[in-house]
Structure formats: structure tokens, C-alpha cells
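Read through the structure below, which is laid out as C-alpha cells, and then see the notes.
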Amino acid sequence: MIDPQDQANRWIRQMEGKNGLKIIRLTDPNFLRTLENCIRIGMPVLLEEVEEFLDPALEPILLKQTFMQGGRLLIRLGDSDIDYDRNFRFYITTKMSNPHYLPEVCIKVTIINFTVTPSGLEDQLLSDVVRLERPDLEEQRNELIVRINHDKTQLKGIEDRILHLLFNSKGNILDDVELINTLNDSKVTSGVIAKRLQDAEATEELITTAREKYRTVATRGSVMYFVVVDLAEVDPMYQYSLKYFTQLFNTCIETSEKCSDLNTRLRVLLKQTTISVYTNVARGLFEKDKLVFSFLLCAAIMRERNEITDDEWNFFLRGSAALDKERKEKPDIPWLAQAMWNICCDLEDAISSFTGLSDDIQKCHCYVIVGDLQVSINPQQWEGYEPVPETLDMEAPVGNWQERLTGFQRLLVVKAFKEEKVVAAVTNFVRENLGQPFVESPLVDLHILYENTDYNIPLIFVLSTGSDPMGAFLRFAKEKNYLEKVHAISLGQGQGPVAEKLIVSAMKVGDWVFLQNCHLAASWMLSMEAMVKSFSEPSTEIRKEFRLFLSSMPSKAFPVSVLQNSAKVTNEPPKGLRANSRRAFADLIPEQFEKHTLGMDWRKIVFGICFFHAIIQERKKFGPLGWNIKYEFSDSDRECALDNLKIFCIEKSVPWDALIYITGEITYGGRVTDAWDQRCLRTILRRFFAPNTMDRDYKYSESRIYYAPDFATLNEYRDYINDLPIIDEPEVFGMHDNANIAFQVEETNKLVTTIINVQPRLAAGGSGKSNDDIVYDLAESILHKLLDKFEIEEAPAELFELDEKGRMNSLTTVLTQEVERFNTLLKVIKTSLRTLQKAIKGLVVMSEDLENIYTSFLNSQVPKQWENAAYPSLKPLGSWVSDLVLRLAFIEDWIHHGQPTSYWLSGLFFPQGFLTGTLQNHARKYNLPIDQLSFEFHVLPYYRQQSEYFAVRDQMKYGERLELDADLPEMEDGVMVHGLFMDAFRWDINQMVVEDSIFGEMNAVLPMMHMEPKMQFLPSERDYIAPLYKTSARAGTLSTTGHSTNFVVPVHLSSKRPQDYWIAKGAALLCQLNE
């Protein structure tokens, strides 16, 4: 039985309890012994919580391999034959909501899906609501159901008796007195019953009508439950049972404000149940997932009321899936980009409400407002606009999109045209539709949480890095006068049995037990689960005052049954520079801080270390711009750095060199594994921890808000920290304002990806195509775009010419390696697409891999199977395929037309190999040692767009030079490359130096570049050394070279500013963008 909500489990226990039901699990050491005994004496057995694979020892029972021997019915179990009692019953349940059982398992068992459905749960909740609101109605209905059932059974009994008498009647049936009398009696009885049934059914109809008035509350409950249950897909700790949910729902109905007017009462119930579910569930969610939950809740309620259509929801999450859409030609308007025009056309095609948008953006200013956020689709003013009527004419509407669109459609506009504002817009959208409480974190008060616990309901603290609930817990225990009765133990190796004894003794005397770090004792979790389950058994000796508190990091090993039936609360360290610094200064001791021999210098150094710690923690929010890898710096790092200060600063002098080295390379640097992150860490440390930071006028940032103040007491420093801004601007981190946009886009992507991961696959919308048709056509479209394979043999002989020493050009070797890699990728793609098309037609089985590709296509994502065979890329499916087509064209062009004048570095599978090949050619040409060669980079005042370049390359012959290349200088040595992008800075083509980004321009294009090999070359100290990465993720796995697999080469670029300026900004070069 597929039983994620435990309904089948409870039903079996109730039904078979009187027959001596035995409950076992495959993890029990004696489960086969129990099974053997039950088979012998004919007792029912429930095997619960199985996974997708069953123990082979169960095979004879599942196949009922019984046989007769000496007049006895036997079955072979393990290595012995045992008596088989025919009264034996075997039930198996799984908590998995969507298990994939192999066909050989399915044919041995009867599979029943006990998963609750929305309509089924709605009926259950309706009974609960009516039972609590109108107990008379529910009682009457139940009596009626019993009576109707009894009457129908009586009628059936009469019919069966008549049939029996007719069947056994001998001779003339008119002479059979008993039969005649029975017929007469049954006629009278059936008449009475029929009348009674008629009356009962009429009464039932009246009761049903009265009950239906409460349907809206039950529907809301059902909708909310399925949102709550989907949260388990986000994090394994977000588990809530149906039993917990119904208790919460019913308690809310009982305690909510009563009212005699039904409509008012229904409004109160809808509001209170929604707030209650949000508050209780959101307490157990991490901050990053609270908005996801409230938005899912809001969207589910609105979708149930048909205020959001499937087409709109699908477009919000997935955008437009088609690769080769025929769109109207883009008008020649200076501010109208092709991407923006495409979005307008896609919105018009997907959702009828947007009809006319592509025309309107040419006529007038189009904008939408979501809460306090206004988003413009086009510029506010332009000379080509026409006057727009002030009132909206629905017959021929022009402009006024704010009035023409629904709330969710306005949200679609924000998602399409201003992606970085989606999180703010979603927050406003939820606030407008559900209310302010749904965008605020519910109050986490241990007093309230304690009310939700019981002797058999534990409280779980879900931890995140740097959080520790122990202090707050001990303060709460002290307030309850229970401090002496608290037993705390940190779990780890060998601590399980100790904790077990602690729980057993505490149960008897009614003490509290706190088990910390449960994730470190994964092997003991099954024993803990059994103990927690035993709390609810009547035979267990347990005091009502007993409480169990648990803390754990998110872990799949944590027992689901404990999670589902417990109160949960997340414990996270505060976010932001102010909160981080406040926490650091809360731990300082006044005497040590105020009365040091170094005086003011000591206080400034301590403040600098604490602020540096806050900065490196908060930089993580900017993603790869902050750190390539997110490091888990903890409070202990800061404490260790402060302890080093105490040791080294006993005298009246500060050994800066030693302290900077220890802090930057060991205390903090010891955690940092990426070489470019280490460079960044040292740069940041210099801003907050160096001799010049002691100067009276030294400020940490250009805004002059942040500095180490000249105060004498710890309380003054705490007051200064409390007055710092709540929202941290990028400038304090040394970053550009665009970093905030990058952070907001990242937040949007996380929100949308999280929602996609918990969504069931949507049925096709109003396009008329089924999902199968969409995926099949997409597969067909991709197959047509891609060639079968490269034939390197077709290349002209000139490409393979050898030099006087019989050596082939190294770049030709690079080309053959690239061809091999692309051919492998093409084979994977083409094979999977053709198999997928066959599976859709039903010619082959839809395997798990094919299912994943199918789902990826619907979500506009690149299938994992392709990613594993391909080059690193973060593009969505449509852009990824277009990019692949360009890469294939680049390689094909190289094969047929010889070496290009300028190489598209981004189009190579393995650019590092190309760079090595270039150095090798130079080394051979001049007989130089290759290990002493490196590149000197000369940026050229030319730009090249790969797609435009290939449009004219097609008509060329081998070795021919294009007109586009005529202006380019001839290069004696090295290669010219193009196709690179700049992240967090731009190139000033007039001054030929790197410069700050323009606000809103996230990734400027780097002009063409000449890479010239030089012997023992050292770049100028004024140049900025920018790392070149394949993708904007920057992080990769550490390769044998000691560098990340995502890293290509360091590039030195001319700059007028010091290196530290660009390092703090996270400035780098990229081979490709995410779109």
C-alpha cells in the first residue's frame, strides 16, 4: 500500500488490532522470526515503511509457495519448512509517495494507492468542519447513513430470501404457502422501506445542502495541505503528516472567533485557518523558503478560484519553451532589443490578455504597478509615441496595461521584463492577496512552541551553520524553573546508548532531555525513532511532564515519522553586517575590551576583526561575485582570531606582519581552497586589519558611514553598531551597484527553481498540444538543427601539413580533439532524442533517464544526461541549443576553411588545450622551453559577434580572408581571440583601460584580443590580473593542475586603478553568459 499519509497504516491497525496484529520493519533484527511465528499461528502481520526494494527472504510468502507434505500445509522460509495457517494475512506499506517498483515486484503483490486526493481530503475536512460547527447536522447525517444502509441491507435480504424460496420451490408455486406469505410480507415491508428511503434521501439532500455551505473552508484546507506536503521536496526536514495537519486545522476552527452570521463566520474561518497553517509551518522553514511557501500558498488558493490560469502559471515558471518560434519582425526602434521584442511576442502568443502588447510598446509608455513597485516595459518618453486616451476603451484598448491586467498577469510582466525585481514583486503580490502576516516571519517564542509540545510530541530545532539554540533554551528552562531537570547531550560516535539511558530515566521522573546534533548519529536514528513511537503506546511508563528536545542540521537520515509528528522551528544566525557585528560584540567582556595596554588601538583592531568577519560572511549573498565557493566561516574563526590578538599584543606594540599572515593565511585562509578567493580574502583583510586602519580619519568605505569609532567603552561601540543601516549597500563590500542586481537575479532564480522542483508536471495549457506533442516536436526540432557527426577526414590536406621536423601544427591536434569531444556529445544527444521519440510513440519503455529528459524539456532545462557529456554551461535549453549550433558551425568552419583569423575562444570544448597548443607552436617555432612561456594580452579596438561573423563565412574557400578581417592587423606570433564577456567591470574603448560598469549593464563585451606568447613575461604592476572562467558560476572541481575546472587563464588588462579595487568588486572575464 502506497501510504505517505499513514492512512492505510492506521486503518490496518484498527481493523486487525483485535486479531493480534504484529508490526515489523525490514530494519528489525528479528523480523523473520516474528513473521515465522505469525505464519504458524495465522496472525496478521504489517510490514511498514519499506523502500523500493524488498528483502529476497519475503519471496516465498509473496508468491505463496505453499506445498503439502504428510497432510500438512507448509511453506519454506529461509532454510526451514514451517506450517502455513490459512488465516495468515500479510500487509506491506510504504511512506514513499511515488515509488518505482520493478515489474517483478508488481506481479507478486497487489498494489493499492492510499495517497489522499484533493477531493478525498476535501470531503474528510468537510466532515470535520461540520462536526465542529454543526454537530447536530453531522450526527443526523451519520444516523441517516446507518439507517439507509440498514434499510438497503433489509431489502437485499428480502430479495435473497424470495429468490432462495423460488429456487427451491417444487410443483406449482401458487401452492407454496410459505412463498406466498413471504411475498405478501415483503411487499408490505419493501413499501415501508421504500417510503423510508425516499424520506431519508430527501432529508439527506437537505443536510447535504446545509453541509455544502461549509465547503469553501474544507476546500481551502485541502489546497493548503497539498502545498505543505510538497515542501518535503525543498528540504528533507520539511515533513508534516496529515494527522498533524488535521489536528492543527481542527484546533484552529475550535479556537477561532465565533459568530452567528454564517457568511461572517466562514470569512473568519478562512482567514484564521490560513494564518494558523502559515504560522505553524513557516516557523519550521528556513528564511530563504518562507517566501516560497507563502507564494505557493497564495498561488494555490488563487488557482483553485480560477484567478490564475494554468497557462499563466506555466509561463511564470518556465517561460516560452519553443526553440524555433516564428515571430513578427522587430521594428527598427533604437531602444527595442531583440530579446525584449521576443518576450512581447511570446506573451501575446501564450496569454490572450496580452494581445496588442507588441503594438502598444511602439505607441505609448507601458508599465505595471505591483504594490509599491513600478516596472516599465519601455522608456517613459520617446518622440515616436502617440497620444493615449485617458479612459480605457475595451473595444479597441490602447495602453493602460495596469488596468487591463490581473494581479498575477502584472507579476508576469515583472518576471519577463525586470527579472531582478521578482522577489520584491512576489512579496507585494502576497501582501496584496493574503495580507501582511504572510510576508513576515512568524514570532519564534519558546513559550508558544512549548505549548505545541507534549510528552509524546518532541520539539525539533532545525539548525543552519553558525546557529546554536542552546543558550535561548537554557534561559527558557530557567524561566520555567526546570533548569535543574534538563539533561543535554551532544550526539556523535558512541553517544546513542548513553542518550537512550538518559531518555529512559527522564521518562520515569518527568525531566527534559535535549539531544543536540542528531545528524551526527545517523546510525542511531532508527533506535531513536522506535523510542519516540513508544512514547504514545499505552504500556509505556511515562510522566506527562517529560519533554524531548532535538537539534539537527538538515539530514535525510532523520526519521520521517518523528519529523511529521513533532513541533519544528528553524534556528538561523542573523543576517546583515549590523546583526553580525552586534552578535560579535555581545560576546565581548567589557574589562578585556576597555582596559588593554594598547588603549584605543586595541579597540580599533578588535572592531576591525569583527567587522572583517561580518563582511566575509555577508559577501556570500552576492554569489560568485562575492566568493567562487561559499565558505562556512563560523564564530569560532572570529574567536580564534581575537585569541591570537590577545597572545601577540601582550606588549605595547602590534606585530602587524605576523598577525596579518596568521589571520589571512591560517585562521581564515585555512578554510579557503580557491586561489582567487585567497587573493580576495587578503585584499579584504587589508581594508579592515592593517596599520593604516589606526588613522583617525580612516573610513572603511566611500560613504564614510562605516569606520572604527574612537570610543572608550564597549556600550558606546554597541550603540554605534545598533545605529548602522539595516540594509547593506554594495559599496561597503567594495562592490558596484550592479552587484545588487546580480544578487536579486540570483534570488529570483532560486525562488523559481525551488517552485519548479516541487510542482507536479503540468498538463498542456490552451495551446492545444499535449505534453507528448510538445516534447516530440522539440526533439524533432533539435534533431534537425544538429549534424550527425564531424568528418575530420574531409578537411583539406593543407590542414595536416607537417613541418621540417615531421610535426603537425598543434592547433590541428587541438581541432581533432575538439571534434572527438563534439562527436561524443552529438551521439549522446541524437541517441537520447530518437529513443525519447520512440518512447513517446510507445515503441520502447520510457526509462528513468528518458523520463528525466522529458521533464527537462517541459521545464526548458538542459537534461542532466547531456550536461554530463557536454562543456560547462548555465544556459536554459533554448539558448543552449542555439549556442551548440554556433559551436558546431565554428568547428565545421575550421575543418573546411582552415584556421580562422580570430578564434572564438568560448566556442571550444576545452579552451585550456587551445592555449597550450598556441604556446607549443611558438615554442617549436623559436626552439624555446614551453614551461617558461606565458601570454601577453593586447586588447584590440575591434568587436566581433560570432553569429554575425558566421553568416558571411559560409561562402568562403579554404584559406581565403574575409572583408571583415581586412582591418585586422597581421600577427607574427600568437593568436587573436574574441567572444569574451566582462563581469563586474567594462572596457573603455576610448582610453583602452578597464573601467567601472554602467549601471544596469551586467556583462559588457570584451573587444578582440591578441594573445602573444612571451618568455618569462611579467605583466605591469598597474595591470589588473583578471581570471577567465568558462561560466559565471566560477566554481568548479579542483583539477590536477591545482586550478578549478571552470578556470581557463589569468588575463592582465590595462587599468588606471589599483588591483585591490577590482579584486574587491569580484571582476572577472567569462567565456559565456547564462542566457
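Each chain of the C-alpha cells is named A, B, ... in the order shown, its residues numbered from 1; ligands are numbered from 1 in display order.
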Just the residues within 12 Å of Asn98 (chain A), please, counting only C-alpha atoms, with nothing from its chain fewer than 5 positions along; format it as an mmCIF file with N, CA, C and O atoms, in the first residue's frame.
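Here's the written file around27.cif:
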data_model
loop_
_atom_site.group_PDB
_atom_site.id
_atom_site.type_symbol
_atom_site.label_atom_id
_atom_site.label_comp_id
_atom_site.auth_asym_id
_atom_site.auth_seq_id
_atom_site.Cartn_x
_atom_site.Cartn_y
_atom_site.Cartn_z
ATOM 1 N N MET A 1 0.843 -1.189 0.000
ATOM 2 C CA MET A 1 0.000 0.000 0.000
ATOM 3 C C MET A 1 0.882 1.243 0.000
ATOM 4 O O MET A 1 1.744 1.391 0.860
ATOM 5 N N ILE A 2 0.664 2.081 -1.005
ATOM 6 C CA ILE A 2 1.394 3.353 -1.068
ATOM 7 C C ILE A 2 0.682 4.302 -0.103
ATOM 8 O O ILE A 2 -0.467 4.669 -0.317
ATOM 9 N N ASP A 3 1.405 4.665 0.974
ATOM 10 C CA ASP A 3 0.707 5.285 2.104
ATOM 11 C C ASP A 3 1.515 6.441 2.713
ATOM 12 O O ASP A 3 1.936 6.366 3.866
ATOM 13 N N PRO A 4 1.737 7.522 1.952
ATOM 14 C CA PRO A 4 2.550 8.618 2.507
ATOM 15 C C PRO A 4 1.903 9.318 3.690
ATOM 16 O O PRO A 4 2.591 9.905 4.521
ATOM 17 N N GLU A 51 11.097 0.379 1.310
ATOM 18 C CA GLU A 51 11.577 1.236 0.224
ATOM 19 C C GLU A 51 11.196 0.583 -1.110
ATOM 20 O O GLU A 51 10.271 -0.222 -1.151
ATOM 21 N N GLU A 52 11.962 0.869 -2.170
ATOM 22 C CA GLU A 52 11.610 0.331 -3.488
ATOM 23 C C GLU A 52 12.070 -1.113 -3.676
ATOM 24 O O GLU A 52 11.651 -1.766 -4.619
ATOM 25 N N ASN A 113 -3.034 2.270 -4.043
ATOM 26 C CA ASN A 113 -2.551 3.629 -3.750
ATOM 27 C C ASN A 113 -3.474 4.300 -2.744
ATOM 28 O O ASN A 113 -4.609 4.642 -3.059
ATOM 29 N N PHE A 114 -2.977 4.465 -1.508
ATOM 30 C CA PHE A 114 -3.765 5.087 -0.440
ATOM 31 C C PHE A 114 -3.491 6.587 -0.333
ATOM 32 O O PHE A 114 -3.948 7.228 0.605
ATOM 33 N N THR A 115 -2.723 7.132 -1.279
ATOM 34 C CA THR A 115 -2.419 8.576 -1.236
ATOM 35 C C THR A 115 -3.723 9.365 -1.290
ATOM 36 O O THR A 115 -4.567 9.110 -2.137
ATOM 37 N N PRO A 760 4.113 19.460 -9.576
ATOM 38 C CA PRO A 760 3.879 18.289 -10.424
ATOM 39 C C PRO A 760 3.951 18.731 -11.883
ATOM 40 O O PRO A 760 3.842 19.926 -12.173
#
Item to complete: Could you tell me which of A:Lys785, A:Lys646, A:Lys864, A:Arg986 comes closest to Ala1067 (chain A) if we count only C-alpha atoms?
Response: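 Using only C-alpha atoms, the shortest distance to Ala1067 (chain A) belongs to A:Arg986.
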Handout entry: Residues flagged strand (DSSP E) by DSSP in region 892-951 of chain A, as a list in words
Key = Ser902, Tyr903, Trp904, Leu933, Ser934, Phe935, Glu936, Phe937, His938 and Val939 of chain A
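Using only C-alpha atoms for every distance, the candidate list A:Thr748, A:Asn868, A:Asn280, A:Thr427 yields A:Thr427 as the residue closest to Val439 (chain A).
Excluding Met600 (chain A) itself and same-chain residues fewer than 6 positions from it, the residues having an atom within 8 Å of it are Asp710, Phe711 and Ala712 of chain A, counting only C-alpha atoms.
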Among A:Asp983, A:Glu287, A:Asp587, A:Asp454, Ala1033 (chain A) is approached most closely, using only C-alpha atoms, by A:Asp983
Applying 12 Å and only C-alpha atoms, which residues near Thr251 (chain A) remain after dropping the ones on its own chain fewer than 4 positions away? List them as a count of residues only. 15
Any chance you could list, as a VMD selection string, the residues in region 567-767 of chain A that come up alpha helix (DSSP H) when DSSP is run on the backbone?
chain A and resid 577 to 586 590 to 594 600 to 618 635 to 648 656 to 661 675 to 688 714 to 722 738 to 758
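Shortest atom-to-atom contact with Arg134 (chain A) among A:Leu163, A:Val994, A:Lys213, A:Lys64: A:Lys213, counting only C-alpha atoms.
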- Write out as an MDAnalysis selection string the residues lying within 7 Å of region 806-821 of chain A, counting only C-alpha atoms and excluding same-chain residues fewer than 5 positions away. chainID A and resid 790 799:801 909 913:914 917:918 920:921
Just-selected residues, N, CA and C atoms written as a PDB file, in the first residue's frame:
ATOM      1  N   PHE A 790      31.041  15.127 -37.089  1.00  0.00           N
ATOM      2  CA  PHE A 790      32.081  15.776 -37.883  1.00  0.00           C
ATOM      3  C   PHE A 790      32.913  14.711 -38.580  1.00  0.00           C
ATOM      4  N   LEU A 799      45.650  21.354 -43.959  1.00  0.00           N
ATOM      5  CA  LEU A 799      45.447  21.442 -42.506  1.00  0.00           C
ATOM      6  C   LEU A 799      46.387  20.497 -41.752  1.00  0.00           C
ATOM      7  N   PHE A 800      46.791  19.408 -42.420  1.00  0.00           N
ATOM      8  CA  PHE A 800      47.599  18.376 -41.744  1.00  0.00           C
ATOM      9  C   PHE A 800      49.068  18.409 -42.186  1.00  0.00           C
ATOM     10  N   GLU A 801      49.495  19.501 -42.830  1.00  0.00           N
ATOM     11  CA  GLU A 801      50.888  19.604 -43.280  1.00  0.00           C
ATOM     12  C   GLU A 801      51.847  19.525 -42.093  1.00  0.00           C
ATOM     13  N   PHE A 909      35.359  23.341 -26.607  1.00  0.00           N
ATOM     14  CA  PHE A 909      35.007  22.439 -25.511  1.00  0.00           C
ATOM     15  C   PHE A 909      36.003  22.606 -24.373  1.00  0.00           C
ATOM     16  N   GLY A 913      43.228  23.597 -23.584  1.00  0.00           N
ATOM     17  CA  GLY A 913      44.014  22.843 -24.562  1.00  0.00           C
ATOM     18  C   GLY A 913      44.440  23.716 -25.730  1.00  0.00           C
ATOM     19  N   PHE A 914      43.537  24.617 -26.141  1.00  0.00           N
ATOM     20  CA  PHE A 914      43.835  25.541 -27.248  1.00  0.00           C
ATOM     21  C   PHE A 914      44.994  26.468 -26.862  1.00  0.00           C
ATOM     22  N   GLY A 917      48.203  24.580 -26.945  1.00  0.00           N
ATOM     23  CA  GLY A 917      48.587  24.359 -28.344  1.00  0.00           C
ATOM     24  C   GLY A 917      49.251  25.594 -28.944  1.00  0.00           C
ATOM     25  N   THR A 918      48.724  26.771 -28.620  1.00  0.00           N
ATOM     26  CA  THR A 918      49.294  28.034 -29.123  1.00  0.00           C
ATOM     27  C   THR A 918      50.713  28.214 -28.583  1.00  0.00           C
ATOM     28  N   GLN A 920      52.694  25.851 -27.564  1.00  0.00           N
ATOM     29  CA  GLN A 920      53.534  24.792 -28.133  1.00  0.00           C
ATOM     30  C   GLN A 920      54.017  25.165 -29.545  1.00  0.00           C
ATOM     31  N   ASN A 921      53.119  25.754 -30.356  1.00  0.00           N
ATOM     32  CA  ASN A 921      53.506  26.215 -31.700  1.00  0.00           C
ATOM     33  C   ASN A 921      54.642  27.227 -31.616  1.00  0.00           C
TER      34      ASN A 921
END
For Pro730 (chain A), the closest of A:Ala1064, A:Ala8, A:Leu125, A:Ala339 counting only C-alpha atoms is A:Ala1064
Which residues, written as an mmCIF file with all heavy atoms, in the first residue's frame, have at least one atom at most 9 Å from Leu266 (chain A), with only C-alpha atoms counted and residues fewer than 5 positions away on the same chain left out?
data_model
loop_
_atom_site.group_PDB
_atom_site.id
_atom_site.type_symbol
_atom_site.label_atom_id
_atom_site.label_comp_id
_atom_site.auth_asym_id
_atom_site.auth_seq_id
_atom_site.Cartn_x
_atom_site.Cartn_y
_atom_site.Cartn_z
ATOM 1 N N LYS A 213 -22.547 24.510 2.545
ATOM 2 C CA LYS A 213 -22.230 25.909 2.841
ATOM 3 C C LYS A 213 -20.832 26.042 3.448
ATOM 4 O O LYS A 213 -20.222 27.101 3.409
ATOM 5 C CB LYS A 213 -23.285 26.491 3.789
ATOM 6 C CG LYS A 213 -24.640 26.689 3.109
ATOM 7 C CD LYS A 213 -25.695 27.121 4.090
ATOM 8 C CE LYS A 213 -27.067 27.238 3.396
ATOM 9 N NZ LYS A 213 -28.136 27.477 4.367
ATOM 10 N N TYR A 214 -20.331 24.949 4.055
ATOM 11 C CA TYR A 214 -19.001 24.955 4.678
ATOM 12 C C TYR A 214 -17.914 24.432 3.728
ATOM 13 O O TYR A 214 -16.761 24.300 4.111
ATOM 14 C CB TYR A 214 -19.003 24.112 5.960
ATOM 15 C CG TYR A 214 -19.849 24.696 7.058
ATOM 16 C CD1 TYR A 214 -21.196 24.334 7.202
ATOM 17 C CD2 TYR A 214 -19.317 25.624 7.948
ATOM 18 C CE1 TYR A 214 -21.985 24.888 8.197
ATOM 19 C CE2 TYR A 214 -20.097 26.174 8.957
ATOM 20 C CZ TYR A 214 -21.431 25.812 9.081
ATOM 21 O OH TYR A 214 -22.197 26.358 10.075
ATOM 22 N N THR A 216 -16.339 25.744 1.264
ATOM 23 C CA THR A 216 -15.205 26.638 0.964
ATOM 24 C C THR A 216 -14.065 26.472 1.969
ATOM 25 O O THR A 216 -12.893 26.516 1.599
ATOM 26 C CB THR A 216 -15.656 28.117 0.972
ATOM 27 O OG1 THR A 216 -16.360 28.366 2.188
ATOM 28 C CG2 THR A 216 -16.516 28.434 -0.223
ATOM 29 N N VAL A 217 -14.439 26.250 3.252
ATOM 30 C CA VAL A 217 -13.417 26.090 4.299
ATOM 31 C C VAL A 217 -12.659 24.781 4.082
ATOM 32 O O VAL A 217 -11.419 24.738 4.172
ATOM 33 C CB VAL A 217 -14.054 26.118 5.711
ATOM 34 C CG1 VAL A 217 -12.992 25.967 6.786
ATOM 35 C CG2 VAL A 217 -14.835 27.404 5.909
ATOM 36 N N ASP A 261 -23.651 34.924 12.355
ATOM 37 C CA ASP A 261 -23.878 35.100 10.922
ATOM 38 C C ASP A 261 -22.955 34.160 10.144
ATOM 39 O O ASP A 261 -21.729 34.203 10.301
ATOM 40 C CB ASP A 261 -23.588 36.552 10.520
ATOM 41 C CG ASP A 261 -23.796 36.774 9.023
ATOM 42 O OD1 ASP A 261 -24.908 36.509 8.545
ATOM 43 O OD2 ASP A 261 -22.825 37.175 8.348
ATOM 44 N N LYS A 271 -9.855 32.956 7.049
ATOM 45 C CA LYS A 271 -8.707 33.787 7.424
ATOM 46 C C LYS A 271 -7.863 33.102 8.508
ATOM 47 O O LYS A 271 -6.639 32.999 8.384
ATOM 48 C CB LYS A 271 -9.222 35.144 7.917
ATOM 49 C CG LYS A 271 -8.105 36.140 8.225
ATOM 50 C CD LYS A 271 -8.681 37.445 8.759
ATOM 51 C CE LYS A 271 -7.563 38.381 9.194
ATOM 52 N NZ LYS A 271 -8.065 39.611 9.808
#
- [ ] Using only C-alpha atoms, pick whichever of A:Gly371, A:Pro437, A:Pro1058, A:Pro876 has the shortest atom-to-atom distance to Ser1020 (chain A).
- [x]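 Result for the nearest residue to Ser1020 (chain A): A:Pro1058.
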